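Each remark here refers to the structure printed beneath this line.
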Amino acid sequence: MINHTLVINCGSSSLKFALINTVDHRATVTGLAEKLGLPDACITFKQNGQKVELTLAQGNHTGAMKAILSYLDERELTTSVTAIGHRVVHGGETFKQSTLIDDSVIATIEDCARLAPLHNPAHLLGIRTAQSCFPGLPQVAVFDTAFHQSMPQHAYLYAVPMALYREHGVRRYGFHGTSHRFVTAEAARMLGKPLADTAFVCAHLGNGASVAAVLGGNSMDTSMGLTPLEGLVMGSRSGDVDPGLFGYLASATGMSTAAITDLLNKQSGLLGLSELSSDCRELEQAASEGHAGALIALEVFSYRLAKQIAAMTVALGRLDAVLFTGGIGENSALLRGNVIRQLGFLGLTLDDAANLAACRGHSGVITRVDSPVAALVVNTNEELMIALDTAALCQQPV
Ligand code: ADP
């Protein structure tokens, strides 16, 4: 029988999952439970192009996990699940790689919740629920922060009193590590180079966005920091602002720190600039019809991205390729084109036709063959990366 790894990404009101075949690495079933904790909680399963949607009688995480279990039972798939892999956002400085979950790992993830109060408690809920619904199965935690633990001190320290680092863990951690790791390994394979010989700047551009400087497969720097708010312009997050903004807004408007943090996370970025939408595709459509807000939002997004990519080359000392991934990176020829044109001085020359042809499912090189530095579209697959780590730690065939 074919074995599967169940990959779980648990949020406070959602549970995303994928059942990954450990032999061909394809997803046999994927799904999403949403609105957990609300009366209209529901779950969707996708298998072989078919979609099944159910309302959840027990509309919480346990109810969602039980619904997954009975869906798998009905299709005689439950016994094929040999391990469970969980996405965990924050592993602090403790977790430098994925790890098998035991009581002490759970305690450390709990401790890291002070750094990710919205995410880690939800992941713990997912882990505990999976433990009770799938007793006896090995479970693995795969951390968004782990890949960036190779950053040197000069890249991860903020220039604030060192006591804040020692006593409160104030430093840059970086996120999207699972995607950056998958995509850089994939790009090395696509270019036919050993990963150890590569110098990439990887741009993961989804609703959240970050770039990472990856040298020989090791993260040397990244644009996100203590929290996922730092760095690039994102869907509704501001990215870098002057930290003086907090004091200025507090005295100018009387807003609390929590309200300002919320504004920077949820009302800023593409949404704040365009006054229209946080969704890149919608903004491209509006921009093509001359919407001034959409035009400036996309322009700021591209400029800030190009600037960050150029800055990341300092961490590498050289540059082989710029990699685009995530919903925007894989699909927006417009933004990729804008960014690559701004980076011409680094040795990138766009191949317009290849750029227009590249999208999700169609990865490849989008610079001209004579371009000294390449740019690639690479389809990310965080679920597969989690499944591969899980299988490796549980010593299954991969
Ligand atoms: P998340 O970070 O939530 O996983 P995704 O990686 O799916 O998000 O990225 C979502 C973003 O990708 C949205 O801004 C969406 O508009 C954008 N996107 C998806 N398809 C396209 C497209 N064809 N053109 C431009 N942007 C796109």
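For the structure tokens, the naming scheme is as follows: chains receive sequential letters (A, B, ...) according to their order of presentation, residues are indexed from 1 within each chain, and ligands are indexed from 1 in presentation order.
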Task: Within 10 Å of A:Phe147 using only C-alpha atoms, minus same-chain residues under 3 positions, as a ChimeraX atom specification - done: /A:95-98,142-144,150-151,173-181,214,217-220
TODO: Check the DSSP output for the backbone and give back, as number ranges by chain, the residues of stretch 59-277 of chain A in alpha helix (DSSP H).
DONE: A: 61-74, 103-111, 120-133, 153-156, 162-168, 177-191, 244-253, 257-266, 269-274
May I have the residues within 9 Å of A:Ser371 as an mmCIF file with C-alpha atoms, in the first residue's frame, using only C-alpha atoms and disregarding those fewer than 3 positions away in the same chain?
data_model
loop_
_atom_site.group_PDB
_atom_site.id
_atom_site.type_symbol
_atom_site.label_atom_id
_atom_site.label_comp_id
_atom_site.auth_asym_id
_atom_site.auth_seq_id
_atom_site.Cartn_x
_atom_site.Cartn_y
_atom_site.Cartn_z
ATOM 1 C CA GLY A 347 23.197 41.979 -14.910
ATOM 2 C CA LEU A 348 19.608 40.839 -15.380
ATOM 3 C CA THR A 349 18.106 41.071 -18.885
ATOM 4 C CA LEU A 350 14.472 40.072 -19.179
ATOM 5 C CA THR A 367 15.930 36.120 -18.420
ATOM 6 C CA ARG A 368 17.713 35.966 -21.768
ATOM 7 C CA ALA A 374 19.334 34.726 -14.292
#
With DSSP run on the backbone, what are the strand (DSSP E or B) residues within stretch 107-356 of chain A? I'd like them as a short mmCIF file (atom, residue, chain, number, x, y, z; two decimals) with all heavy atoms, in the first residue's frame.
data_model
loop_
_atom_site.label_atom_id
_atom_site.label_comp_id
_atom_site.auth_asym_id
_atom_site.auth_seq_id
_atom_site.Cartn_x
_atom_site.Cartn_y
_atom_site.Cartn_z
N GLN A 139 4.78 12.55 14.92
CA GLN A 139 4.44 13.89 14.44
C GLN A 139 5.69 14.74 14.42
O GLN A 139 6.55 14.63 15.30
CB GLN A 139 3.41 14.53 15.36
CG GLN A 139 2.21 13.62 15.55
CD GLN A 139 0.92 14.40 15.77
OE1 GLN A 139 0.78 15.52 15.32
NE2 GLN A 139 0.00 13.76 16.44
N VAL A 140 5.76 15.58 13.41
CA VAL A 140 6.97 16.40 13.20
C VAL A 140 6.57 17.87 13.11
O VAL A 140 5.52 18.19 12.54
CB VAL A 140 7.68 15.94 11.90
CG1 VAL A 140 8.72 16.94 11.43
CG2 VAL A 140 8.31 14.56 12.09
N ALA A 141 7.38 18.75 13.69
CA ALA A 141 7.16 20.19 13.56
C ALA A 141 8.16 20.76 12.58
O ALA A 141 9.36 20.48 12.67
CB ALA A 141 7.32 20.87 14.92
N VAL A 142 7.67 21.53 11.61
CA VAL A 142 8.52 22.17 10.60
C VAL A 142 8.33 23.69 10.77
O VAL A 142 7.21 24.19 10.64
CB VAL A 142 8.13 21.71 9.18
CG1 VAL A 142 8.98 22.39 8.12
CG2 VAL A 142 8.26 20.18 9.07
N PHE A 143 9.42 24.36 11.10
CA PHE A 143 9.33 25.77 11.52
C PHE A 143 9.64 26.74 10.38
O PHE A 143 10.62 26.56 9.65
CB PHE A 143 10.33 26.03 12.66
CG PHE A 143 10.10 25.14 13.85
CD1 PHE A 143 10.75 23.91 13.95
CD2 PHE A 143 9.23 25.52 14.85
CE1 PHE A 143 10.53 23.08 15.03
CE2 PHE A 143 9.00 24.69 15.94
CZ PHE A 143 9.65 23.47 16.03
N ALA A 199 24.29 31.11 -5.39
CA ALA A 199 24.05 32.36 -4.66
C ALA A 199 22.75 32.95 -5.20
O ALA A 199 22.71 33.48 -6.31
CB ALA A 199 25.21 33.32 -4.87
N PHE A 200 21.67 32.81 -4.41
CA PHE A 200 20.34 33.21 -4.87
C PHE A 200 19.75 34.28 -3.98
O PHE A 200 19.93 34.26 -2.76
CB PHE A 200 19.37 32.02 -4.81
CG PHE A 200 19.66 30.89 -5.76
CD1 PHE A 200 19.49 29.57 -5.35
CD2 PHE A 200 20.08 31.12 -7.07
CE1 PHE A 200 19.72 28.51 -6.22
CE2 PHE A 200 20.32 30.06 -7.95
CZ PHE A 200 20.14 28.75 -7.52
N VAL A 201 18.99 35.19 -4.60
CA VAL A 201 18.04 35.98 -3.82
C VAL A 201 16.66 35.43 -4.17
O VAL A 201 16.28 35.41 -5.34
CB VAL A 201 18.12 37.49 -4.13
CG1 VAL A 201 17.02 38.23 -3.37
CG2 VAL A 201 19.48 38.05 -3.73
N CYS A 202 15.97 34.96 -3.16
CA CYS A 202 14.66 34.32 -3.36
C CYS A 202 13.57 35.28 -2.88
O CYS A 202 13.63 35.76 -1.74
CB CYS A 202 14.63 33.02 -2.55
SG CYS A 202 13.10 32.11 -2.71
N ALA A 203 12.60 35.57 -3.74
CA ALA A 203 11.50 36.47 -3.37
C ALA A 203 10.21 35.66 -3.27
O ALA A 203 9.70 35.19 -4.28
CB ALA A 203 11.36 37.57 -4.41
N HIS A 204 9.74 35.45 -2.05
CA HIS A 204 8.46 34.77 -1.84
C HIS A 204 7.40 35.87 -1.74
O HIS A 204 7.37 36.64 -0.77
CB HIS A 204 8.48 33.93 -0.56
CG HIS A 204 7.16 33.29 -0.27
ND1 HIS A 204 6.92 31.95 -0.47
CD2 HIS A 204 5.99 33.81 0.15
CE1 HIS A 204 5.66 31.68 -0.18
NE2 HIS A 204 5.07 32.80 0.21
N LEU A 205 6.53 35.96 -2.74
CA LEU A 205 5.57 37.06 -2.82
C LEU A 205 4.15 36.51 -2.83
O LEU A 205 3.62 36.12 -3.88
CB LEU A 205 5.82 37.88 -4.10
CG LEU A 205 7.28 38.29 -4.38
CD1 LEU A 205 7.41 38.91 -5.75
CD2 LEU A 205 7.76 39.24 -3.30
N ALA A 209 5.09 38.74 2.20
CA ALA A 209 6.18 38.70 1.22
C ALA A 209 7.52 38.90 1.91
O ALA A 209 7.63 39.70 2.85
CB ALA A 209 5.97 39.78 0.16
N SER A 210 8.51 38.13 1.47
CA SER A 210 9.86 38.34 1.99
C SER A 210 10.88 37.91 0.96
O SER A 210 10.58 37.10 0.08
CB SER A 210 10.08 37.54 3.29
OG SER A 210 10.13 36.15 3.04
N VAL A 211 12.06 38.50 1.06
CA VAL A 211 13.19 38.03 0.25
C VAL A 211 14.22 37.42 1.18
O VAL A 211 14.32 37.80 2.35
CB VAL A 211 13.86 39.16 -0.59
CG1 VAL A 211 12.93 39.64 -1.70
CG2 VAL A 211 14.30 40.31 0.27
N ALA A 212 14.98 36.45 0.65
CA ALA A 212 16.06 35.86 1.44
C ALA A 212 17.30 35.76 0.56
O ALA A 212 17.20 35.48 -0.63
CB ALA A 212 15.65 34.46 1.92
N ALA A 213 18.45 36.02 1.17
CA ALA A 213 19.73 35.83 0.50
C ALA A 213 20.21 34.44 0.89
O ALA A 213 20.45 34.17 2.08
CB ALA A 213 20.73 36.88 0.98
N VAL A 214 20.34 33.55 -0.10
CA VAL A 214 20.65 32.15 0.22
C VAL A 214 21.94 31.74 -0.51
O VAL A 214 22.00 31.70 -1.73
CB VAL A 214 19.48 31.22 -0.18
CG1 VAL A 214 19.77 29.78 0.23
CG2 VAL A 214 18.18 31.69 0.48
N LEU A 215 22.97 31.48 0.28
CA LEU A 215 24.30 31.15 -0.26
C LEU A 215 24.61 29.69 0.02
O LEU A 215 24.64 29.27 1.19
CB LEU A 215 25.35 32.06 0.41
CG LEU A 215 26.78 32.01 -0.13
CD1 LEU A 215 26.84 32.49 -1.58
CD2 LEU A 215 27.69 32.88 0.74
N ASN A 218 22.26 28.07 2.35
CA ASN A 218 22.11 28.60 3.71
C ASN A 218 21.59 30.03 3.67
O ASN A 218 22.13 30.86 2.93
CB ASN A 218 23.46 28.60 4.44
CG ASN A 218 24.01 27.20 4.58
OD1 ASN A 218 23.34 26.32 5.10
ND2 ASN A 218 25.21 26.99 4.07
N SER A 219 20.60 30.31 4.51
CA SER A 219 20.08 31.68 4.56
C SER A 219 21.09 32.59 5.23
O SER A 219 21.54 32.33 6.36
CB SER A 219 18.75 31.70 5.34
OG SER A 219 18.33 33.03 5.50
N MET A 220 21.45 33.66 4.54
CA MET A 220 22.43 34.62 5.09
C MET A 220 21.76 35.90 5.57
O MET A 220 22.31 36.65 6.37
CB MET A 220 23.47 35.00 4.02
CG MET A 220 24.19 33.82 3.41
SD MET A 220 24.96 32.76 4.65
CE MET A 220 26.34 33.80 5.12
N ASP A 221 20.58 36.18 5.06
CA ASP A 221 19.82 37.36 5.49
C ASP A 221 18.42 37.23 4.91
O ASP A 221 18.21 36.50 3.93
CB ASP A 221 20.47 38.66 4.99
CG ASP A 221 20.05 39.87 5.82
OD1 ASP A 221 19.14 39.73 6.68
OD2 ASP A 221 20.62 40.96 5.61
N THR A 222 17.50 37.93 5.51
CA THR A 222 16.13 37.92 4.99
C THR A 222 15.45 39.21 5.40
O THR A 222 15.92 39.91 6.31
CB THR A 222 15.37 36.66 5.48
OG1 THR A 222 14.13 36.58 4.80
CG2 THR A 222 15.12 36.69 6.98
N ALA A 321 21.25 34.11 -9.38
CA ALA A 321 19.87 34.22 -9.89
C ALA A 321 18.94 34.83 -8.86
O ALA A 321 19.17 34.71 -7.65
CB ALA A 321 19.35 32.84 -10.29
N VAL A 322 17.91 35.49 -9.37
CA VAL A 322 16.80 35.98 -8.54
C VAL A 322 15.64 35.02 -8.79
O VAL A 322 15.35 34.68 -9.94
CB VAL A 322 16.40 37.42 -8.96
CG1 VAL A 322 15.18 37.88 -8.16
CG2 VAL A 322 17.57 38.38 -8.75
N LEU A 323 15.02 34.56 -7.70
CA LEU A 323 13.95 33.57 -7.82
C LEU A 323 12.62 34.20 -7.40
O LEU A 323 12.56 34.87 -6.37
CB LEU A 323 14.24 32.37 -6.91
CG LEU A 323 15.70 31.85 -6.92
CD1 LEU A 323 15.86 30.71 -5.91
CD2 LEU A 323 16.09 31.40 -8.32
N PHE A 324 11.60 33.98 -8.19
CA PHE A 324 10.26 34.51 -7.87
C PHE A 324 9.34 33.35 -7.54
O PHE A 324 9.22 32.40 -8.32
CB PHE A 324 9.69 35.26 -9.08
CG PHE A 324 10.40 36.55 -9.37
CD1 PHE A 324 11.46 36.59 -10.25
CD2 PHE A 324 10.01 37.73 -8.75
CE1 PHE A 324 12.12 37.78 -10.53
CE2 PHE A 324 10.66 38.93 -9.02
CZ PHE A 324 11.72 38.96 -9.91
N THR A 325 8.65 33.45 -6.40
CA THR A 325 7.70 32.41 -6.02
C THR A 325 6.54 33.01 -5.23
O THR A 325 6.51 34.22 -4.97
CB THR A 325 8.41 31.28 -5.24
OG1 THR A 325 7.55 30.16 -5.17
CG2 THR A 325 8.79 31.72 -3.83
N LEU A 348 20.80 41.61 -15.01
CA LEU A 348 19.61 40.84 -15.38
C LEU A 348 18.98 41.44 -16.63
O LEU A 348 18.69 42.64 -16.67
CB LEU A 348 18.57 40.87 -14.25
CG LEU A 348 18.93 40.03 -13.04
CD1 LEU A 348 19.19 40.91 -11.84
CD2 LEU A 348 17.82 39.04 -12.71
N LEU A 350 15.73 40.82 -19.09
CA LEU A 350 14.47 40.07 -19.18
C LEU A 350 14.26 39.45 -20.56
O LEU A 350 14.56 40.07 -21.57
CB LEU A 350 13.32 41.04 -18.87
CG LEU A 350 11.94 40.42 -18.69
CD1 LEU A 350 11.88 39.57 -17.43
CD2 LEU A 350 10.88 41.52 -18.62
#
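Distances from A:Leu115, A:Leu335, A:Leu264, A:Val52 to ligand 1 were compared using only C-alpha atoms and all ligand atoms, and the smallest one belongs to A:Leu335.
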TODO: Residues up to 10 Å from ligand 1, counting only C-alpha atoms and all ligand atoms: could you list those as a PyMOL selection string?
DONE: chain A and resi 176+204-209+234-236+270+277-285+325-335+359-360+380+382
Task: Pick from A:Leu245, A:Leu273, A:Gly11, A:Arg171 nearest to A:Ile260, counting only C-alpha atoms - done: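 Closest to A:Ile260 of all the choices is A:Leu245.
Nearest residue to A:Leu343 among A:Asn355, A:Gln308, A:Thr79, A:Ser132 is A:Gln308, counting only C-alpha atoms.
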Open item on the list: as a PyMOL selection string, please: the residues near A:Thr22 (cut-off 12 Å, only C-alpha atoms, same-chain neighbours under 6 positions excluded).
Closed with: chain A and resi 1-7+28+80-84+383-392+394-398
Open item on the list: Here is a test: counting only C-alpha atoms, which residue of A:Ala18, A:Met224, A:Ala130, A:Leu100 is nearest to A:Thr30?
Closed with: A:Ala18
Open item on the list: List the spatial neighbours of A:Ala187 as a PyMOL selection string - criterion: any atom at most 8 Å away, only C-alpha atoms, same-chain residues fewer than 3 positions off excluded.
Closed with: chain A and resi 183-184+190-191+323+376+378
Using N, CA and C atoms, can you export the residues from the last selection as an mmCIF file, in the first residue's frame?
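And here's selection_0.cif as it stands now:
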data_model
loop_
_atom_site.group_PDB
_atom_site.id
_atom_site.type_symbol
_atom_site.label_atom_id
_atom_site.label_comp_id
_atom_site.auth_asym_id
_atom_site.auth_seq_id
_atom_site.Cartn_x
_atom_site.Cartn_y
_atom_site.Cartn_z
ATOM 1 N N VAL A 183 12.379 26.349 -2.558
ATOM 2 C CA VAL A 183 12.536 27.029 -3.851
ATOM 3 C C VAL A 183 14.010 27.132 -4.251
ATOM 4 N N THR A 184 14.886 27.380 -3.293
ATOM 5 C CA THR A 184 16.304 27.487 -3.654
ATOM 6 C C THR A 184 16.862 26.119 -4.073
ATOM 7 N N MET A 190 16.942 23.054 -11.230
ATOM 8 C CA MET A 190 16.538 23.550 -12.557
ATOM 9 C C MET A 190 17.736 24.078 -13.345
ATOM 10 N N LEU A 191 18.698 24.680 -12.623
ATOM 11 C CA LEU A 191 19.879 25.231 -13.299
ATOM 12 C C LEU A 191 20.978 24.183 -13.488
ATOM 13 N N LEU A 323 15.017 34.564 -7.704
ATOM 14 C CA LEU A 323 13.946 33.571 -7.821
ATOM 15 C C LEU A 323 12.618 34.196 -7.398
ATOM 16 N N LEU A 376 14.395 33.353 -12.278
ATOM 17 C CA LEU A 376 13.598 32.142 -12.475
ATOM 18 C C LEU A 376 12.262 32.282 -11.769
ATOM 19 N N VAL A 378 9.812 29.912 -9.871
ATOM 20 C CA VAL A 378 9.859 28.568 -9.273
ATOM 21 C C VAL A 378 8.579 28.366 -8.471
#
Open item on the list: If we count only C-alpha atoms and set the cut-off at 7 Å, which residues sit around stretch 300-302 of chain A, ignoring sequence neighbours fewer than 6 positions away in its own chain? Please answer as a PyMOL selection string.
Closed with: chain A and resi 233+335+338-339
TODO: Kindly indicate which residue among A:Thr78, A:Thr227, A:Thr253, A:Asn60 lies nearest to A:Ala116, using only C-alpha atoms for the distances.
DONE: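 Among A:Thr78, A:Thr227, A:Thr253, A:Asn60, it is A:Thr227 that comes nearest to A:Ala116.
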